[in-house]
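Accompanying notes for the structure given below.
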Amino acid sequence: MILEIDGEHSGIRFSACHFIPKHEKCSRLHGHSYILRFRLEGEIGELGMVMDFVELKTKLKEFVERFDHRILLPTKSQHIQFSEKENSIEVASCGKRYVFPKEEVVFLDVSNTTVEEMAALMVNKIVEVMRFPTDIRYVSVGLDEERGQTVWCTKELSICQSL
């Protein structure tokens, strides 16, 4: 059975800015209103449900809150250099220089802040921090960076992860 949460209707969304070095258009600092979509695939449990919608939506809203109205920066990029000065982060990339307040920056463990890499990072982080019923086999995150443009990433849970 598949349980799906549509973040557009459930308020599981965040707005953030980023840039993608070496991309013709997206190398400029710009923003998106991201929507998180979520799927679980598994069996109906003892309480007659795959997982409690209320609990799941609450946790997903808490998860995306850390990205909301922030600057997303990839820590693994070969094209971006960072330095910290007092309460700011200085960023140099492809001849451009930005300075951001430290509290407005979220560093992501990816090589680029593309929606593809962010969806993969998010599904892995969600599986790491959330506890799922033992009969859940797959967890999927869909991330819209714009309506009509969604990337899905699915992670299979092992028996050890779901216990």
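Here's how to read the names in the structure tokens: chain A, B, ... by the order shown, residue numbers from 1 in each chain, ligand numbers from 1 in the order shown.
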Open item on the list: For A:His69, find every residue with an atom within 8 Å (counting only C-alpha atoms), except residues of its own chain fewer than 3 positions away, and show them as number ranges by chain.
Closed with: A: 14-17, 104
Output C-alpha atoms of each residue in that selection to a file, as an mmCIF file, in the first residue's frame.
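result_16.cif, freshly written:
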data_model
loop_
_atom_site.group_PDB
_atom_site.id
_atom_site.type_symbol
_atom_site.label_atom_id
_atom_site.label_comp_id
_atom_site.auth_asym_id
_atom_site.auth_seq_id
_atom_site.Cartn_x
_atom_site.Cartn_y
_atom_site.Cartn_z
ATOM 1 C CA PHE A 14 9.959 26.226 2.057
ATOM 2 C CA SER A 15 11.404 29.147 0.139
ATOM 3 C CA ALA A 16 15.147 29.385 -0.327
ATOM 4 C CA CYS A 17 17.777 30.789 -2.649
ATOM 5 C CA GLU A 104 20.819 32.781 7.010
#
- [ ] Report as a ChimeraX atom specification: the residues of chain A with a DSSP assignment of strand (DSSP E), based on the backbone of this structure.
- [x] /A:2-6,13-18,30-42,70-74,81-85,88-93,96-101,105-108,136-146,149-156
Neighbours of A:Thr154 within 7 Å (only C-alpha atoms; same-chain residues fewer than 4 positions away dropped), as a PDB file with N, CA, C and O atoms, in the first residue's frame?
ATOM      1  N   TYR A 138       9.691   1.198   1.499  1.00  0.00           N
ATOM      2  CA  TYR A 138      10.282   2.264   0.693  1.00  0.00           C
ATOM      3  C   TYR A 138       9.831   3.624   1.216  1.00  0.00           C
ATOM      4  O   TYR A 138       8.667   3.798   1.581  1.00  0.00           O
ATOM      5  N   VAL A 139      10.771   4.556   1.215  1.00  0.00           N
ATOM      6  CA  VAL A 139      10.489   5.951   1.556  1.00  0.00           C
ATOM      7  C   VAL A 139      10.916   6.778   0.345  1.00  0.00           C
ATOM      8  O   VAL A 139      12.026   6.613  -0.155  1.00  0.00           O
ATOM      9  N   SER A 140      10.023   7.650  -0.124  1.00  0.00           N
ATOM     10  CA  SER A 140      10.324   8.485  -1.281  1.00  0.00           C
ATOM     11  C   SER A 140      10.074   9.949  -0.958  1.00  0.00           C
ATOM     12  O   SER A 140       9.092  10.279  -0.292  1.00  0.00           O
ATOM     13  N   VAL A 141      10.954  10.801  -1.455  1.00  0.00           N
ATOM     14  CA  VAL A 141      10.777  12.246  -1.351  1.00  0.00           C
ATOM     15  C   VAL A 141      10.686  12.784  -2.761  1.00  0.00           C
ATOM     16  O   VAL A 141      11.523  12.490  -3.621  1.00  0.00           O
TER      17      VAL A 141
END
Residues near A:Gly42, cut-off 6 Å, only C-alpha atoms, skip fewer than 6 positions along chain, as an mmCIF file with all heavy atoms, in the first residue's frame:
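The new file around-v2.cif reads:
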data_model
loop_
_atom_site.group_PDB
_atom_site.id
_atom_site.type_symbol
_atom_site.label_atom_id
_atom_site.label_comp_id
_atom_site.auth_asym_id
_atom_site.auth_seq_id
_atom_site.Cartn_x
_atom_site.Cartn_y
_atom_site.Cartn_z
ATOM 1 N N MET A 1 0.843 -1.166 0.000
ATOM 2 C CA MET A 1 0.000 0.000 0.000
ATOM 3 C C MET A 1 0.894 1.237 0.000
ATOM 4 O O MET A 1 1.954 1.232 0.606
ATOM 5 C CB MET A 1 -0.918 -0.005 1.221
ATOM 6 C CG MET A 1 -1.894 1.136 1.198
ATOM 7 S SD MET A 1 -3.393 0.836 2.155
ATOM 8 C CE MET A 1 -4.183 -0.448 1.237
ATOM 9 N N ASP A 135 6.968 -2.365 8.964
ATOM 10 C CA ASP A 135 6.495 -2.908 7.687
ATOM 11 C C ASP A 135 6.592 -1.904 6.534
ATOM 12 O O ASP A 135 6.032 -2.133 5.469
ATOM 13 C CB ASP A 135 5.073 -3.462 7.827
ATOM 14 C CG ASP A 135 4.129 -2.491 8.512
ATOM 15 O OD1 ASP A 135 4.522 -1.331 8.750
ATOM 16 O OD2 ASP A 135 3.004 -2.898 8.824
ATOM 17 N N ILE A 136 7.319 -0.808 6.712
ATOM 18 C CA ILE A 136 7.556 0.150 5.626
ATOM 19 C C ILE A 136 8.776 -0.331 4.843
ATOM 20 O O ILE A 136 9.825 -0.597 5.405
ATOM 21 C CB ILE A 136 7.812 1.582 6.173
ATOM 22 C CG1 ILE A 136 6.606 2.085 6.963
ATOM 23 C CG2 ILE A 136 8.187 2.525 5.045
ATOM 24 C CD1 ILE A 136 5.341 2.244 6.165
ATOM 25 N N ARG A 137 8.629 -0.443 3.532
ATOM 26 C CA ARG A 137 9.725 -0.942 2.687
ATOM 27 C C ARG A 137 10.437 0.168 1.929
ATOM 28 O O ARG A 137 11.628 0.087 1.688
ATOM 29 C CB ARG A 137 9.180 -1.953 1.672
ATOM 30 C CG ARG A 137 8.556 -3.151 2.356
ATOM 31 C CD ARG A 137 9.028 -4.513 1.930
ATOM 32 N NE ARG A 137 10.204 -4.599 1.130
ATOM 33 C CZ ARG A 137 10.246 -5.072 -0.111
ATOM 34 N NH1 ARG A 137 9.167 -5.484 -0.708
ATOM 35 N NH2 ARG A 137 11.384 -5.148 -0.757
#
Task: In stretch 10-108 of chain A, DSSP alpha helix (DSSP H) residues written as a ChimeraX atom specification - done: /A:10,53-65
- [ ] Tell me, as a PyMOL selection string, which residues lie within 12 Å of A:Glu86, counting only C-alpha atoms; anything in the same chain fewer than 4 positions away does not count.
- [x] chain A and resi 90+99-103
So that I can check the surroundings of A:Val105, please list as an mmCIF file with all heavy atoms, in the first residue's frame every protein, DNA and RNA residue that reaches within 9 Å of it, counting only C-alpha atoms and ignoring chain neighbours fewer than 6 positions away.
data_model
loop_
_atom_site.group_PDB
_atom_site.id
_atom_site.type_symbol
_atom_site.label_atom_id
_atom_site.label_comp_id
_atom_site.auth_asym_id
_atom_site.auth_seq_id
_atom_site.Cartn_x
_atom_site.Cartn_y
_atom_site.Cartn_z
ATOM 1 N N PHE A 67 15.226 24.891 6.291
ATOM 2 C CA PHE A 67 15.622 25.412 4.982
ATOM 3 C C PHE A 67 14.893 26.709 4.614
ATOM 4 O O PHE A 67 15.293 27.396 3.686
ATOM 5 C CB PHE A 67 15.321 24.373 3.885
ATOM 6 C CG PHE A 67 15.927 23.025 4.136
ATOM 7 C CD1 PHE A 67 15.126 21.952 4.488
ATOM 8 C CD2 PHE A 67 17.291 22.823 4.032
ATOM 9 C CE1 PHE A 67 15.680 20.696 4.712
ATOM 10 C CE2 PHE A 67 17.854 21.576 4.262
ATOM 11 C CZ PHE A 67 17.046 20.514 4.605
ATOM 12 N N ARG A 70 16.257 30.683 3.645
ATOM 13 C CA ARG A 70 17.698 30.560 3.852
ATOM 14 C C ARG A 70 18.416 30.550 2.501
ATOM 15 O O ARG A 70 17.816 30.385 1.448
ATOM 16 C CB ARG A 70 18.037 29.255 4.590
ATOM 17 C CG ARG A 70 17.387 29.089 5.928
ATOM 18 C CD ARG A 70 18.078 29.930 6.981
ATOM 19 N NE ARG A 70 17.648 29.539 8.307
ATOM 20 C CZ ARG A 70 16.973 30.329 9.109
ATOM 21 N NH1 ARG A 70 16.634 31.528 8.747
ATOM 22 N NH2 ARG A 70 16.616 29.912 10.306
ATOM 23 N N ILE A 71 19.733 30.673 2.576
ATOM 24 C CA ILE A 71 20.598 30.531 1.418
ATOM 25 C C ILE A 71 21.182 29.128 1.495
ATOM 26 O O ILE A 71 21.786 28.761 2.504
ATOM 27 C CB ILE A 71 21.732 31.579 1.419
ATOM 28 C CG1 ILE A 71 21.132 32.982 1.357
ATOM 29 C CG2 ILE A 71 22.682 31.362 0.253
ATOM 30 C CD1 ILE A 71 21.367 33.780 2.584
ATOM 31 N N LEU A 72 20.982 28.323 0.465
ATOM 32 C CA LEU A 72 21.445 26.938 0.450
ATOM 33 C C LEU A 72 22.781 26.870 -0.281
ATOM 34 O O LEU A 72 22.884 27.289 -1.435
ATOM 35 C CB LEU A 72 20.410 26.047 -0.240
ATOM 36 C CG LEU A 72 18.980 26.148 0.295
ATOM 37 C CD1 LEU A 72 18.056 25.244 -0.520
ATOM 38 C CD2 LEU A 72 18.919 25.819 1.774
ATOM 39 N N LEU A 73 23.800 26.349 0.399
ATOM 40 C CA LEU A 73 25.142 26.270 -0.183
ATOM 41 C C LEU A 73 25.667 24.841 -0.110
ATOM 42 O O LEU A 73 25.565 24.188 0.928
ATOM 43 C CB LEU A 73 26.097 27.200 0.567
ATOM 44 C CG LEU A 73 25.775 28.698 0.485
ATOM 45 C CD1 LEU A 73 26.705 29.488 1.397
ATOM 46 C CD2 LEU A 73 25.872 29.198 -0.950
ATOM 47 N N ILE A 89 29.316 34.686 6.180
ATOM 48 C CA ILE A 89 29.927 33.675 5.327
ATOM 49 C C ILE A 89 30.231 34.347 3.999
ATOM 50 O O ILE A 89 29.336 34.898 3.352
ATOM 51 C CB ILE A 89 28.972 32.474 5.079
ATOM 52 C CG1 ILE A 89 28.543 31.827 6.398
ATOM 53 C CG2 ILE A 89 29.604 31.463 4.126
ATOM 54 C CD1 ILE A 89 29.647 31.153 7.170
#
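Straight-line separation from atom CA of A:Val106 to atom CA of A:Gln81: 14.7 Å.
Ranking A:Leu143, A:Leu121, A:Val50, A:Ile20 by their shortest atom-to-atom distance to A:Ile2, with only C-alpha atoms included, puts A:Val50 first.
In terms of minimum interatomic distance to A:Gly148, A:Ile35 ranks closest within A:Val129, A:Ile35, A:Leu47, A:Ala120, counting only C-alpha atoms.
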Task: Contacts of A:Leu108 at 9 Å (only C-alpha atoms; same-chain gap of 3+ positions) as a ChimeraX atom specification - done: /A:72-76,111-113,118,121
Please produce an output containing N, CA, C and O atoms for each residue in the selection, written as a PDB file, in the first residue's frame.
ATOM      1  N   LEU A  72      20.982  28.323   0.465  1.00  0.00           N
ATOM      2  CA  LEU A  72      21.445  26.938   0.450  1.00  0.00           C
ATOM      3  C   LEU A  72      22.781  26.870  -0.281  1.00  0.00           C
ATOM      4  O   LEU A  72      22.884  27.289  -1.435  1.00  0.00           O
ATOM      5  N   LEU A  73      23.800  26.349   0.399  1.00  0.00           N
ATOM      6  CA  LEU A  73      25.142  26.270  -0.183  1.00  0.00           C
ATOM      7  C   LEU A  73      25.667  24.841  -0.110  1.00  0.00           C
ATOM      8  O   LEU A  73      25.565  24.188   0.928  1.00  0.00           O
ATOM      9  N   PRO A  74      26.240  24.346  -1.220  1.00  0.00           N
ATOM     10  CA  PRO A  74      26.774  22.979  -1.248  1.00  0.00           C
ATOM     11  C   PRO A  74      28.196  22.921  -0.697  1.00  0.00           C
ATOM     12  O   PRO A  74      29.068  23.683  -1.120  1.00  0.00           O
ATOM     13  N   THR A  75      28.455  22.009   0.213  1.00  0.00           N
ATOM     14  CA  THR A  75      29.788  21.909   0.814  1.00  0.00           C
ATOM     15  C   THR A  75      30.772  21.107  -0.045  1.00  0.00           C
ATOM     16  O   THR A  75      31.967  21.197   0.167  1.00  0.00           O
ATOM     17  N   LYS A  76      30.274  20.335  -0.997  1.00  0.00           N
ATOM     18  CA  LYS A  76      31.154  19.470  -1.797  1.00  0.00           C
ATOM     19  C   LYS A  76      31.479  20.023  -3.184  1.00  0.00           C
ATOM     20  O   LYS A  76      32.076  19.328  -3.997  1.00  0.00           O
ATOM     21  N   SER A 111      27.241  18.276  -3.865  1.00  0.00           N
ATOM     22  CA  SER A 111      28.168  18.997  -4.740  1.00  0.00           C
ATOM     23  C   SER A 111      27.489  20.149  -5.467  1.00  0.00           C
ATOM     24  O   SER A 111      28.156  21.075  -5.908  1.00  0.00           O
ATOM     25  N   ASN A 112      26.175  20.096  -5.581  1.00  0.00           N
ATOM     26  CA  ASN A 112      25.394  21.176  -6.187  1.00  0.00           C
ATOM     27  C   ASN A 112      24.020  21.225  -5.530  1.00  0.00           C
ATOM     28  O   ASN A 112      23.477  20.180  -5.156  1.00  0.00           O
ATOM     29  N   THR A 113      23.448  22.398  -5.425  1.00  0.00           N
ATOM     30  CA  THR A 113      22.121  22.521  -4.811  1.00  0.00           C
ATOM     31  C   THR A 113      21.027  22.381  -5.870  1.00  0.00           C
ATOM     32  O   THR A 113      20.057  23.130  -5.889  1.00  0.00           O
ATOM     33  N   MET A 118      19.299  17.645  -3.826  1.00  0.00           N
ATOM     34  CA  MET A 118      18.586  17.970  -2.591  1.00  0.00           C
ATOM     35  C   MET A 118      17.552  16.905  -2.245  1.00  0.00           C
ATOM     36  O   MET A 118      17.391  16.546  -1.079  1.00  0.00           O
ATOM     37  N   LEU A 121      19.468  13.979  -0.784  1.00  0.00           N
ATOM     38  CA  LEU A 121      19.913  14.318   0.569  1.00  0.00           C
ATOM     39  C   LEU A 121      18.748  14.248   1.554  1.00  0.00           C
ATOM     40  O   LEU A 121      18.870  13.686   2.640  1.00  0.00           O
TER      41      LEU A 121
END
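Coordinates place atom CA of A:Trp152 at a distance of 24.9 Å from atom CA of A:Arg28.
Using only C-alpha atoms, the smallest distance between any of A:Lys155, A:Asp6, A:Gln149, A:Thr114 and A:Cys26 comes from A:Thr114.
Interatomic distance, atom CA of A:Glu116 against atom CA of A:Glu41: 20.9 Å.
With distances taken over only C-alpha atoms, A:Leu40 is the one residue among A:His32, A:Arg131, A:Leu40, A:Gly48 lying closest to A:Cys153.
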Open item on the list: Nearest residue to A:Ser27 out of A:Cys94, A:Leu60, A:Met49, A:Ile44, using only C-alpha atoms?
Closed with: A:Cys94
